[in-house]
>>> print(open('work_31.txt').read())   # compact mmCIF, C-alpha atoms
# COMPACT_ATOMS: atom_id res chain seq x y z
CA MET A 1 29.77 29.71 56.80
CA PHE A 2 27.47 26.96 55.73
CA MET A 3 28.69 23.50 54.90
CA THR A 4 26.71 21.16 52.67
CA LEU A 5 27.24 17.50 53.11
CA SER A 6 26.20 15.02 50.39
CA TYR A 7 25.95 11.37 51.12
CA GLY A 8 26.77 9.03 48.31
CA GLN A 9 24.11 6.51 47.55
CA GLU A 10 24.97 3.27 45.91
CA ILE A 11 22.90 2.71 42.80
CA LYS A 12 21.73 -0.83 42.54
CA GLN A 13 21.94 -2.10 39.00
CA ILE A 14 19.29 -4.50 37.82
CA PRO A 15 20.61 -7.41 35.77
CA GLN A 16 18.85 -7.34 32.44
CA ILE A 17 19.09 -8.41 28.83
CA THR A 18 18.03 -6.56 25.68
CA VAL A 19 16.92 -8.55 22.65
CA SER A 20 15.12 -7.88 19.39
CA GLY A 21 12.35 -9.85 17.75
CA GLU A 22 10.75 -9.92 14.33
CA GLY A 23 7.37 -11.23 13.29
CA LYS A 24 6.26 -11.79 9.72
CA VAL A 25 2.83 -12.68 8.39
CA LYS A 26 2.40 -13.57 4.72
CA VAL A 27 -1.04 -12.91 3.31
CA VAL A 28 -2.74 -13.47 -0.03
CA PRO A 29 -4.32 -10.09 -0.94
CA ASP A 30 -8.10 -10.02 -1.27
CA GLN A 31 -8.53 -6.57 -2.81
CA ALA A 32 -6.77 -4.12 -5.13
CA THR A 33 -6.66 -0.38 -5.70
CA ILE A 34 -6.40 0.66 -9.35
CA THR A 35 -5.34 4.15 -10.39
CA ALA A 36 -6.19 4.83 -14.03
CA THR A 37 -6.25 7.86 -16.31
CA VAL A 38 -8.12 9.05 -19.40
CA GLU A 39 -5.81 11.26 -21.45
CA THR A 40 -6.78 13.14 -24.62
CA LYS A 41 -4.91 15.64 -26.78
CA GLY A 42 -5.94 18.11 -29.45
CA ASN A 43 -5.76 21.63 -30.83
CA VAL A 44 -8.96 23.09 -29.36
CA ALA A 45 -9.24 23.15 -25.57
CA LYS A 46 -13.05 22.92 -25.50
CA GLU A 47 -13.12 19.89 -27.82
CA VAL A 48 -10.32 18.13 -25.96
CA LYS A 49 -12.12 18.57 -22.65
CA LYS A 50 -15.41 17.41 -24.16
CA ILE A 51 -13.90 14.18 -25.53
CA ASN A 52 -12.15 13.56 -22.22
CA ASP A 53 -15.42 14.03 -20.29
CA GLU A 54 -17.26 11.65 -22.63
CA GLN A 55 -14.66 8.94 -22.18
CA MET A 56 -14.67 9.31 -18.39
CA ASP A 57 -18.48 9.24 -18.40
CA ALA A 58 -18.33 5.87 -20.20
CA VAL A 59 -15.82 4.61 -17.63
CA LEU A 60 -18.05 5.64 -14.71
CA LYS A 61 -21.07 3.95 -16.31
CA LEU A 62 -19.04 0.74 -16.63
CA ILE A 63 -18.06 0.90 -12.95
CA LYS A 64 -21.67 1.44 -11.87
CA LYS A 65 -22.78 -1.44 -14.10
CA MET A 66 -20.35 -3.72 -12.26
CA ASN A 67 -22.07 -2.77 -8.97
CA LEU A 68 -19.05 -1.30 -7.24
CA ALA A 69 -19.99 0.67 -4.14
CA PRO A 70 -19.99 4.47 -4.70
CA SER A 71 -17.48 4.82 -1.84
CA ASP A 72 -15.04 2.53 -3.70
CA TYR A 73 -14.26 4.90 -6.58
CA ARG A 74 -13.45 8.58 -6.79
CA THR A 75 -11.95 11.11 -9.15
CA GLN A 76 -8.42 11.77 -7.98
CA ARG A 77 -7.48 14.68 -10.21
CA VAL A 78 -8.62 16.61 -13.32
CA ALA A 79 -6.36 18.74 -15.51
CA LEU A 80 -6.39 20.65 -18.80
CA ASN A 81 -2.97 21.99 -19.76
CA PRO A 82 -1.79 23.99 -22.78
CA GLN A 83 1.41 22.79 -24.40
CA TYR A 84 3.23 25.27 -26.62
CA ASP A 85 5.50 24.02 -29.41
CA TYR A 86 8.12 26.75 -29.95
CA GLU A 87 9.32 25.28 -33.25
CA LYS A 88 5.87 25.06 -34.80
CA LYS A 89 4.64 28.07 -32.83
CA LYS A 90 1.49 26.20 -32.04
CA THR A 91 -0.46 25.45 -28.86
CA THR A 92 -2.04 22.07 -28.21
CA TYR A 93 -4.01 20.92 -25.21
CA ASN A 94 -3.72 17.88 -22.98
CA ALA A 95 -6.70 16.85 -20.83
CA THR A 96 -6.46 14.19 -18.12
CA GLN A 97 -8.82 12.72 -15.56
CA THR A 98 -7.56 10.17 -13.05
CA ILE A 99 -9.80 7.84 -11.11
CA GLU A 100 -9.01 5.59 -8.15
CA ILE A 101 -10.98 2.34 -7.88
CA ILE A 102 -11.02 -0.19 -5.04
CA VAL A 103 -11.83 -3.71 -6.19
CA ARG A 104 -12.98 -5.70 -3.15
CA ASP A 105 -13.76 -8.83 -5.18
CA LEU A 106 -10.69 -9.85 -7.20
CA ASN A 107 -12.89 -12.09 -9.34
CA LYS A 108 -14.02 -8.85 -11.01
CA TYR A 109 -10.46 -7.65 -11.67
CA ASP A 110 -9.98 -8.99 -15.22
CA GLU A 111 -13.42 -7.92 -16.40
CA LEU A 112 -12.96 -4.45 -14.93
CA MET A 113 -9.48 -3.91 -16.39
CA GLU A 114 -10.61 -5.01 -19.85
CA GLY A 115 -13.68 -2.80 -19.62
CA LEU A 116 -11.68 0.25 -18.49
CA VAL A 117 -9.45 0.07 -21.54
CA SER A 118 -12.33 -0.50 -23.96
CA GLN A 119 -14.23 2.49 -22.54
CA GLY A 120 -11.41 5.01 -22.83
CA ILE A 121 -8.82 4.48 -20.12
CA ASN A 122 -5.48 4.72 -21.87
CA ARG A 123 -3.14 4.80 -18.89
CA ILE A 124 -3.02 2.43 -15.93
CA ASP A 125 -0.85 4.33 -13.44
CA ASN A 126 -0.57 1.54 -10.87
CA VAL A 127 -2.28 -1.36 -9.16
CA VAL A 128 -1.78 -1.98 -5.45
CA PHE A 129 -2.79 -5.31 -3.89
CA GLN A 130 -3.95 -5.17 -0.28
CA SER A 131 -5.64 -7.09 2.51
CA SER A 132 -8.98 -6.05 3.99
CA LYS A 133 -7.83 -7.53 7.34
CA LEU A 134 -4.62 -5.53 7.60
CA ALA A 135 -5.13 -4.49 11.25
CA GLN A 136 -5.61 -8.11 12.31
CA TYR A 137 -2.48 -9.27 10.50
CA GLU A 138 -0.43 -6.39 11.93
CA SER A 139 -1.51 -7.52 15.41
CA ASP A 140 -0.51 -11.11 14.60
CA ALA A 141 2.92 -9.92 13.40
CA ARG A 142 3.49 -7.95 16.62
CA LYS A 143 2.65 -10.99 18.77
CA LEU A 144 5.06 -13.13 16.76
CA ALA A 145 7.79 -10.50 17.20
CA MET A 146 7.32 -10.53 20.99
CA LYS A 147 7.37 -14.33 21.10
CA GLU A 148 10.61 -14.39 19.13
CA ALA A 149 12.20 -11.79 21.43
CA LYS A 150 11.26 -13.80 24.53
CA HIS A 151 12.46 -17.06 22.99
CA LYS A 152 15.75 -15.46 21.99
CA ALA A 153 16.30 -14.10 25.52
CA GLU A 154 15.57 -17.52 27.02
CA ASP A 155 18.14 -19.09 24.70
CA TYR A 156 20.83 -16.63 25.79
CA VAL A 157 20.36 -17.03 29.54
CA SER A 158 19.68 -20.77 29.60
CA VAL A 159 23.43 -21.49 29.57
CA LEU A 160 23.87 -19.21 32.62
CA GLY A 161 21.34 -20.98 34.79
CA GLN A 162 19.18 -17.87 34.93
CA LYS A 163 15.61 -17.12 33.99
CA ILE A 164 13.83 -14.34 32.19
CA GLY A 165 11.73 -12.08 34.41
CA LYS A 166 9.38 -9.24 33.61
CA ALA A 167 9.87 -6.96 30.63
CA ILE A 168 11.11 -3.50 31.67
CA THR A 169 10.76 -1.71 28.36
CA ILE A 170 9.35 -2.59 24.96
CA ASN A 171 10.24 -0.55 21.87
CA ASP A 172 8.23 -0.90 18.68
CA ASN A 173 10.64 -0.53 15.77
CA SER A 174 8.12 -1.45 13.10
CA GLN A 175 7.83 0.71 10.04
CA THR A 176 4.42 1.72 8.75
CA TYR A 177 3.18 -0.84 6.26
CA TYR A 178 2.70 0.45 2.75
CA PRO A 179 1.46 -1.96 0.08
CA GLN A 180 3.87 -2.17 -2.83
CA PRO A 181 2.41 -1.00 -6.16
CA VAL A 182 2.36 -3.40 -9.07
CA PHE A 183 2.66 -1.46 -12.31
CA ALA A 184 0.26 -2.96 -14.80
CA THR A 185 1.05 -3.49 -18.47
CA MET A 186 -1.92 -3.53 -20.79
CA ARG A 187 -1.88 -6.06 -23.59
CA LYS A 188 -4.55 -7.17 -25.99
CA MET A 189 -5.49 -10.82 -25.67
CA GLU A 190 -6.07 -12.54 -28.99
CA MET A 191 -8.74 -15.17 -28.48
CA SER A 192 -10.68 -17.19 -30.98
CA ASP A 193 -14.48 -17.17 -30.82
CA GLY A 194 -15.73 -19.33 -27.98
CA ALA A 195 -12.35 -19.52 -26.28
CA ALA A 196 -12.33 -19.37 -22.50
CA PRO A 197 -11.15 -16.04 -21.04
CA ARG A 198 -7.56 -16.03 -19.89
CA GLU A 199 -6.59 -15.21 -16.35
CA THR A 200 -4.22 -12.25 -16.21
CA LEU A 201 -3.94 -11.77 -12.46
CA ALA A 202 -1.32 -13.32 -10.19
CA VAL A 203 -1.53 -11.50 -6.86
CA GLY A 204 1.12 -13.53 -5.01
CA GLU A 205 1.61 -12.65 -1.35
CA ILE A 206 2.25 -9.54 0.71
CA THR A 207 4.41 -9.67 3.84
CA ILE A 208 3.48 -7.71 6.96
CA THR A 209 6.41 -7.28 9.34
CA ALA A 210 6.75 -6.13 12.96
CA ASN A 211 10.00 -5.46 14.83
CA VAL A 212 10.47 -4.95 18.57
CA SER A 213 13.31 -4.62 21.06
CA VAL A 214 12.65 -5.72 24.66
CA ASN A 215 14.53 -5.35 27.97
CA PHE A 216 13.94 -8.29 30.29
CA ILE A 217 14.96 -8.57 33.96
CA LEU A 218 17.26 -11.49 34.72
CA GLU A 219 16.31 -13.67 37.69
>>> encode(input="work_31.txt", output="structure tokens")
Amino acid sequence: MFMTLSYGQEIKQIPQITVSGEGKVKVVPDQATITATVETKGNVAKEVKKINDEQMDAVLKLIKKMNLAPSDYRTQRVALNPQYDYEKKKTTYNATQTIEIIVRDLNKYDELMEGLVSQGINRIDNVVFQSSKLAQYESDARKLAMKEAKHKAEDYVSVLGQKIGKAITINDNSQTYYPQPVFATMRKMEMSDGAAPRETLAVGEITITANVSVNFILE
């Protein structure tokens, strides 16, 4: 007969505190992504597609004229769909081409939007304002979140006569940043001859947020 002996070992618990921290950085966007569509309808598929192609060709020429980098615009999708009317027993066709444009100089925004509409764009799907320095601002937000967590922990233990030691664990609870789309409404601006162009863009601010939870040792 074999006897197994186990010796209990006292587990030493480390005094610690867990706190959360949040860091926010507000930034004025310096670029925008525009998603716009040329849509045409008609009874003959070939003619509908031809008109749609001509309008998109005019749009692309406008973009090139404004000296946007070739990498800053691309065709997102192209479609030609039959639509059957059961009451009239007739088929019509709907052609669409959608283009995505990155505007890195917001001073060109108004001119571009006006030109897109005049050259055939009849649907602005959305406009998203962004920052070209997103990675830098995300880093700044994370640092602010850690500073807040440490400051919060120091506040809690200051009344106990203790100090904050090393961090044991750090959990990043931040959600991936997605710029919020701003849905554009197109309106014709009535201006008398010689009148100064009106500004139609108010980009506001975007907020980049980081959240962390940290375990600190108590000393």
>>> residues_around(input="work_31.txt", residues="Asn173 in chain A", least_positions_apart="5", cutoff="8 Å", atoms="only C-alpha atoms", output="list in words")
Ala210, Asn211, Val212 and Ser213 of chain A
>>> residues_around(input="work_31.txt", residues="Met146 in chain A", least_positions_apart="4", cutoff="7 Å", atoms="only C-alpha atoms", output="count of residues only")
4
>>> residues_around(input="work_31.txt", residues="range 24-41 of chain A", least_positions_apart="4", cutoff="9 Å", atoms="all atoms listed in the file", output="VMD selection string")
chain A and resid 45 48 to 49 51 to 53 55 to 56 76 92 to 106 109 113 116 120 to 133 137 to 138 140 to 142 144 to 145 203 to 211
>>> write_last_selection(input="work_31.txt", atoms="C-alpha atoms", output="compact mmCIF listing (two decimals), keeping the file's coordinate frame")
# COMPACT_ATOMS: atom_id res chain seq x y z
CA ALA A 45 -9.24 23.15 -25.57
CA VAL A 48 -10.32 18.13 -25.96
CA LYS A 49 -12.12 18.57 -22.65
CA ILE A 51 -13.90 14.18 -25.53
CA ASN A 52 -12.15 13.56 -22.22
CA ASP A 53 -15.42 14.03 -20.29
CA GLN A 55 -14.66 8.94 -22.18
CA MET A 56 -14.67 9.31 -18.39
CA GLN A 76 -8.42 11.77 -7.98
CA THR A 92 -2.04 22.07 -28.21
CA TYR A 93 -4.01 20.92 -25.21
CA ASN A 94 -3.72 17.88 -22.98
CA ALA A 95 -6.70 16.85 -20.83
CA THR A 96 -6.46 14.19 -18.12
CA GLN A 97 -8.82 12.72 -15.56
CA THR A 98 -7.56 10.17 -13.05
CA ILE A 99 -9.80 7.84 -11.11
CA GLU A 100 -9.01 5.59 -8.15
CA ILE A 101 -10.98 2.34 -7.88
CA ILE A 102 -11.02 -0.19 -5.04
CA VAL A 103 -11.83 -3.71 -6.19
CA ARG A 104 -12.98 -5.70 -3.15
CA ASP A 105 -13.76 -8.83 -5.18
CA LEU A 106 -10.69 -9.85 -7.20
CA TYR A 109 -10.46 -7.65 -11.67
CA MET A 113 -9.48 -3.91 -16.39
CA LEU A 116 -11.68 0.25 -18.49
CA GLY A 120 -11.41 5.01 -22.83
CA ILE A 121 -8.82 4.48 -20.12
CA ASN A 122 -5.48 4.72 -21.87
CA ARG A 123 -3.14 4.80 -18.89
CA ILE A 124 -3.02 2.43 -15.93
CA ASP A 125 -0.85 4.33 -13.44
CA ASN A 126 -0.57 1.54 -10.87
CA VAL A 127 -2.28 -1.36 -9.16
CA VAL A 128 -1.78 -1.98 -5.45
CA PHE A 129 -2.79 -5.31 -3.89
CA GLN A 130 -3.95 -5.17 -0.28
CA SER A 131 -5.64 -7.09 2.51
CA SER A 132 -8.98 -6.05 3.99
CA LYS A 133 -7.83 -7.53 7.34
CA TYR A 137 -2.48 -9.27 10.50
CA GLU A 138 -0.43 -6.39 11.93
CA ASP A 140 -0.51 -11.11 14.60
CA ALA A 141 2.92 -9.92 13.40
CA ARG A 142 3.49 -7.95 16.62
CA LEU A 144 5.06 -13.13 16.76
CA ALA A 145 7.79 -10.50 17.20
CA VAL A 203 -1.53 -11.50 -6.86
CA GLY A 204 1.12 -13.53 -5.01
CA GLU A 205 1.61 -12.65 -1.35
CA ILE A 206 2.25 -9.54 0.71
CA THR A 207 4.41 -9.67 3.84
CA ILE A 208 3.48 -7.71 6.96
CA THR A 209 6.41 -7.28 9.34
CA ALA A 210 6.75 -6.13 12.96
CA ASN A 211 10.00 -5.46 14.83
>>> closest_residue(input="work_31.txt", among="A:Glu22, A:Val159, A:Lys147, A:Gly115", to="Lys64 in chain A", atoms="only C-alpha atoms")
A:Gly115
>>> closest_residue(input="work_31.txt", among="A:Ile217, A:Leu80, A:Ala149, A:Ala167", to="Gly42 in chain A", atoms="all atoms listed in the file")
A:Leu80
>>> atom_distance(input="work_31.txt", atom1="CA of Glu148 in chain A", atom2="CA of Gln162 in chain A")
18.3 Å
>>> residues_around(input="work_31.txt", residues="Leu112 in chain A", least_positions_apart="5", cutoff="9 Å", atoms="only C-alpha atoms", output="PyMOL selection string")
chain A and resi 62-63+66+103+117
>>> atom_distance(input="work_31.txt", atom1="CA of Gln175 in chain A", atom2="CA of Val19 in chain A")
18.1 Å
>>> build_atoms(input="work_31.txt", residues="range 78-89 of chain A", atoms="all heavy atoms", output="PDB file, in the coordinates of the input")
ATOM      1  N   VAL A  78      -8.174  16.192 -12.000  1.00  0.00           N
ATOM      2  CA  VAL A  78      -8.620  16.610 -13.320  1.00  0.00           C
ATOM      3  C   VAL A  78      -7.706  17.731 -13.778  1.00  0.00           C
ATOM      4  O   VAL A  78      -7.396  18.641 -12.994  1.00  0.00           O
ATOM      5  CB  VAL A  78     -10.092  17.098 -13.296  1.00  0.00           C
ATOM      6  CG1 VAL A  78     -10.522  17.560 -14.673  1.00  0.00           C
ATOM      7  CG2 VAL A  78     -11.015  16.007 -12.783  1.00  0.00           C
ATOM      8  N   ALA A  79      -7.265  17.687 -15.032  1.00  0.00           N
ATOM      9  CA  ALA A  79      -6.360  18.740 -15.510  1.00  0.00           C
ATOM     10  C   ALA A  79      -6.575  18.989 -17.003  1.00  0.00           C
ATOM     11  O   ALA A  79      -6.907  18.079 -17.766  1.00  0.00           O
ATOM     12  CB  ALA A  79      -4.908  18.337 -15.256  1.00  0.00           C
ATOM     13  N   LEU A  80      -6.389  20.244 -17.391  1.00  0.00           N
ATOM     14  CA  LEU A  80      -6.390  20.650 -18.800  1.00  0.00           C
ATOM     15  C   LEU A  80      -5.235  21.627 -18.972  1.00  0.00           C
ATOM     16  O   LEU A  80      -5.281  22.744 -18.457  1.00  0.00           O
ATOM     17  CB  LEU A  80      -7.717  21.308 -19.181  1.00  0.00           C
ATOM     18  CG  LEU A  80      -7.803  21.855 -20.611  1.00  0.00           C
ATOM     19  CD1 LEU A  80      -7.661  20.734 -21.627  1.00  0.00           C
ATOM     20  CD2 LEU A  80      -9.127  22.605 -20.824  1.00  0.00           C
ATOM     21  N   ASN A  81      -4.199  21.198 -19.675  1.00  0.00           N
ATOM     22  CA  ASN A  81      -2.970  21.990 -19.760  1.00  0.00           C
ATOM     23  C   ASN A  81      -2.615  22.338 -21.195  1.00  0.00           C
ATOM     24  O   ASN A  81      -2.619  21.457 -22.075  1.00  0.00           O
ATOM     25  CB  ASN A  81      -1.799  21.220 -19.129  1.00  0.00           C
ATOM     26  CG  ASN A  81      -2.033  20.924 -17.659  1.00  0.00           C
ATOM     27  OD1 ASN A  81      -2.403  21.802 -16.899  1.00  0.00           O
ATOM     28  ND2 ASN A  81      -1.834  19.669 -17.264  1.00  0.00           N
ATOM     29  N   PRO A  82      -2.300  23.622 -21.450  1.00  0.00           N
ATOM     30  CA  PRO A  82      -1.790  23.990 -22.780  1.00  0.00           C
ATOM     31  C   PRO A  82      -0.330  23.579 -22.926  1.00  0.00           C
ATOM     32  O   PRO A  82       0.438  23.613 -21.961  1.00  0.00           O
ATOM     33  CB  PRO A  82      -1.938  25.523 -22.778  1.00  0.00           C
ATOM     34  CG  PRO A  82      -1.826  25.904 -21.341  1.00  0.00           C
ATOM     35  CD  PRO A  82      -2.432  24.764 -20.552  1.00  0.00           C
ATOM     36  N   GLN A  83       0.034  23.168 -24.117  1.00  0.00           N
ATOM     37  CA  GLN A  83       1.410  22.790 -24.400  1.00  0.00           C
ATOM     38  C   GLN A  83       1.852  23.526 -25.665  1.00  0.00           C
ATOM     39  O   GLN A  83       1.337  23.260 -26.758  1.00  0.00           O
ATOM     40  CB  GLN A  83       1.541  21.275 -24.573  1.00  0.00           C
ATOM     41  CG  GLN A  83       1.204  20.505 -23.304  1.00  0.00           C
ATOM     42  CD  GLN A  83       1.259  19.006 -23.477  1.00  0.00           C
ATOM     43  OE1 GLN A  83       1.051  18.498 -24.574  1.00  0.00           O
ATOM     44  NE2 GLN A  83       1.538  18.283 -22.401  1.00  0.00           N
ATOM     45  N   TYR A  84       2.804  24.423 -25.492  1.00  0.00           N
ATOM     46  CA  TYR A  84       3.230  25.270 -26.620  1.00  0.00           C
ATOM     47  C   TYR A  84       4.466  24.688 -27.287  1.00  0.00           C
ATOM     48  O   TYR A  84       5.465  24.368 -26.627  1.00  0.00           O
ATOM     49  CB  TYR A  84       3.520  26.694 -26.130  1.00  0.00           C
ATOM     50  CG  TYR A  84       3.838  27.655 -27.248  1.00  0.00           C
ATOM     51  CD1 TYR A  84       2.833  28.091 -28.110  1.00  0.00           C
ATOM     52  CD2 TYR A  84       5.137  28.108 -27.447  1.00  0.00           C
ATOM     53  CE1 TYR A  84       3.122  28.968 -29.147  1.00  0.00           C
ATOM     54  CE2 TYR A  84       5.428  28.988 -28.479  1.00  0.00           C
ATOM     55  CZ  TYR A  84       4.416  29.419 -29.335  1.00  0.00           C
ATOM     56  OH  TYR A  84       4.710  30.270 -30.367  1.00  0.00           O
ATOM     57  N   ASP A  85       4.382  24.517 -28.609  1.00  0.00           N
ATOM     58  CA  ASP A  85       5.500  24.020 -29.410  1.00  0.00           C
ATOM     59  C   ASP A  85       6.204  25.248 -30.011  1.00  0.00           C
ATOM     60  O   ASP A  85       5.665  25.909 -30.910  1.00  0.00           O
ATOM     61  CB  ASP A  85       4.991  23.098 -30.521  1.00  0.00           C
ATOM     62  CG  ASP A  85       6.125  22.397 -31.253  1.00  0.00           C
ATOM     63  OD1 ASP A  85       7.211  23.012 -31.399  1.00  0.00           O
ATOM     64  OD2 ASP A  85       5.933  21.246 -31.694  1.00  0.00           O
ATOM     65  N   TYR A  86       7.416  25.537 -29.513  1.00  0.00           N
ATOM     66  CA  TYR A  86       8.120  26.750 -29.950  1.00  0.00           C
ATOM     67  C   TYR A  86       8.603  26.642 -31.393  1.00  0.00           C
ATOM     68  O   TYR A  86       8.750  27.654 -32.090  1.00  0.00           O
ATOM     69  CB  TYR A  86       9.296  27.029 -29.018  1.00  0.00           C
ATOM     70  CG  TYR A  86       8.864  27.538 -27.660  1.00  0.00           C
ATOM     71  CD1 TYR A  86       8.662  26.656 -26.595  1.00  0.00           C
ATOM     72  CD2 TYR A  86       8.619  28.895 -27.454  1.00  0.00           C
ATOM     73  CE1 TYR A  86       8.246  27.115 -25.357  1.00  0.00           C
ATOM     74  CE2 TYR A  86       8.207  29.362 -26.212  1.00  0.00           C
ATOM     75  CZ  TYR A  86       8.020  28.474 -25.169  1.00  0.00           C
ATOM     76  OH  TYR A  86       7.595  28.933 -23.941  1.00  0.00           O
ATOM     77  N   GLU A  87       8.872  25.444 -31.853  1.00  0.00           N
ATOM     78  CA  GLU A  87       9.320  25.280 -33.250  1.00  0.00           C
ATOM     79  C   GLU A  87       8.175  25.510 -34.229  1.00  0.00           C
ATOM     80  O   GLU A  87       8.321  26.212 -35.221  1.00  0.00           O
ATOM     81  CB  GLU A  87       9.919  23.888 -33.437  1.00  0.00           C
ATOM     82  CG  GLU A  87      11.240  23.681 -32.691  1.00  0.00           C
ATOM     83  CD  GLU A  87      11.852  22.325 -32.992  1.00  0.00           C
ATOM     84  OE1 GLU A  87      11.272  21.568 -33.805  1.00  0.00           O
ATOM     85  OE2 GLU A  87      12.904  22.017 -32.411  1.00  0.00           O
ATOM     86  N   LYS A  88       7.031  24.917 -33.918  1.00  0.00           N
ATOM     87  CA  LYS A  88       5.870  25.060 -34.800  1.00  0.00           C
ATOM     88  C   LYS A  88       5.043  26.294 -34.456  1.00  0.00           C
ATOM     89  O   LYS A  88       4.129  26.654 -35.201  1.00  0.00           O
ATOM     90  CB  LYS A  88       4.982  23.814 -34.701  1.00  0.00           C
ATOM     91  CG  LYS A  88       5.666  22.550 -35.186  1.00  0.00           C
ATOM     92  CD  LYS A  88       4.722  21.359 -35.077  1.00  0.00           C
ATOM     93  CE  LYS A  88       5.397  20.069 -35.542  1.00  0.00           C
ATOM     94  NZ  LYS A  88       4.489  18.900 -35.440  1.00  0.00           N
ATOM     95  N   LYS A  89       5.377  26.906 -33.313  1.00  0.00           N
ATOM     96  CA  LYS A  89       4.640  28.070 -32.830  1.00  0.00           C
ATOM     97  C   LYS A  89       3.146  27.786 -32.773  1.00  0.00           C
ATOM     98  O   LYS A  89       2.310  28.526 -33.314  1.00  0.00           O
ATOM     99  CB  LYS A  89       4.935  29.296 -33.700  1.00  0.00           C
ATOM    100  CG  LYS A  89       6.388  29.741 -33.636  1.00  0.00           C
ATOM    101  CD  LYS A  89       6.639  30.991 -34.435  1.00  0.00           C
ATOM    102  CE  LYS A  89       8.100  31.437 -34.315  1.00  0.00           C
ATOM    103  NZ  LYS A  89       8.379  32.664 -35.082  1.00  0.00           N
TER     104      LYS A  89
END
